Amino acid sequence: MITIVYDDIYKYHAPKKYHVENPSRIDKALSAINQLEVKFEKPVKVDDPQIVHSEDYIKLVEKHSKLEENLDADTYTNKYTYESALYAMGGALKAFETNGFALVRPPGHHAGVNGRALGAPTLGFCIFNSVAYPIKRYKLKRVAIIDFDVHYGNGTQEIFYDDPDILHIDLHQDPRTIYPGTGFADMIGGKDAEGTKINLLIPPLGSDDLYEELIPIIQAILDDFKPVVVAYSAGFDSYVGDGLASVNATEYTFYNFGRISNKFTRKYAVLEGGYDKGLVKGLKAFLEGFANLKIEYKKNKSSDAVKSRFMNYLSEEKNILRNYWSI
Ligand SMILES: [Zn+2]
């Protein structure tokens, strides 16, 4: 039985004209979730977003939301945005408390302490960083955050950059080819936290076979780090044909990501991106893995040229990781 944290408040944050990040994403996700055995829980509304974000940024969101003004070229608001984002943080909190999945909008992993993070041009549809909230609220130590959204979780990485107690493993499409343009292997964490921030790159057209190469590396790092909690920034926009990226992951990959958490007693997952098929097929496979169901999915393979580019990235990444982890 999988706990899904959800409330219709997550549909109220909506664009005035077409935007890819819109309430229909929730319906797509629910069409997948309803094929599984689940139990729904209601989120809470938090009243202390300042444990994650600066007061100035929180005020900026509140003001823009009231006026229904865009925060930037990618990121809209309406009068429900501020409240929805507080409930999204509360959704993550409830997911932590129930070992569940937070089916929330607006997304959050690009939102850093002051909004745009690590030189990103925009907030990339994100408002408040929900996956960070339970960690700050309960002052959790030894949390491993696995972010498999196709974009770099720059906001999350910035929030925890100097914190050695939070391991952040971020898998994303080569940032030379996609927003936000940063997130290379040399971002390893600040002083005293070196090695706890890990960026693993997938070249465009990379598929399940490349993600599969990374799974044992992630497992070895987790074995070393010994997390008490595994948290996921769960984005499904790397699913083949999902629309915003050019990586070709399928059910096989999302199922494997879900399974990584099964060794650990505390875990939670928070929805980030995913816009079309990924929200249906990728999300279902992830939850099956997350719930430790036994399912066989077929693996999709990358071309030799793409694989060889990936192996070059990986050898550079391993050279850095070997300084910190037994991989
Ligand atoms: Zn994304």
# chains A, B, ... in the order shown; residues from 1 in each chain; ligands from 1

$ residues_around --residues "segment 42-44 of chain A" --least-positions-apart "5" --cutoff "6 Å" --atoms "only C-alpha atoms" --output "ChimeraX atom specification"
/A:5-7,87,90-91,94

$ write_last_selection --atoms "C-alpha atoms" --output "mmCIF file, in the first residue's frame"
data_model
loop_
_atom_site.group_PDB
_atom_site.id
_atom_site.type_symbol
_atom_site.label_atom_id
_atom_site.label_comp_id
_atom_site.auth_asym_id
_atom_site.auth_seq_id
_atom_site.Cartn_x
_atom_site.Cartn_y
_atom_site.Cartn_z
ATOM 1 C CA VAL A 5 -0.355 12.888 -0.171
ATOM 2 C CA TYR A 6 -2.745 14.986 -2.215
ATOM 3 C CA ASP A 7 -5.309 17.772 -2.071
ATOM 4 C CA TYR A 87 0.693 23.255 0.974
ATOM 5 C CA GLY A 90 3.260 20.527 3.854
ATOM 6 C CA GLY A 91 2.690 17.711 1.355
ATOM 7 C CA LYS A 94 3.250 14.538 5.354
#

$ residues_around --residues "Lys136 of chain A" --least-positions-apart "5" --cutoff "10 Å" --atoms "only C-alpha atoms" --output "list in words"
Pro49, Gln50, Ile51, Val52, Val131 and Lys141 of chain A

$ residues_near_ligand --ligand "ligand 1" --cutoff "8 Å" --atoms "only C-alpha atoms and all ligand atoms" --output "list of chain:residue names"
A:Asp149, A:Val150, A:His151, A:Tyr152, A:Gly235, A:Phe236, A:Asp237, A:Ser238, A:Leu244, A:Glu272, A:Gly273, A:Gly274

$ closest_residue --among "A:Ile2, A:Ala305, A:Ala269, A:Leu30" --to "Val230 of chain A" --atoms "only C-alpha atoms"
A:Ala269

$ atom_distance --atom1 "atom CA of Leu103 of chain A" --atom2 "atom CA of Val270 of chain A"
6.6 Å

$ residues_around --residues "Leu283 of chain A" --least-positions-apart "3" --cutoff "12 Å" --atoms "only C-alpha atoms" --output "ChimeraX atom specification"
/A:25-26,28-36,101-103,148-149,234-239,242,249-258,269-280,286-290
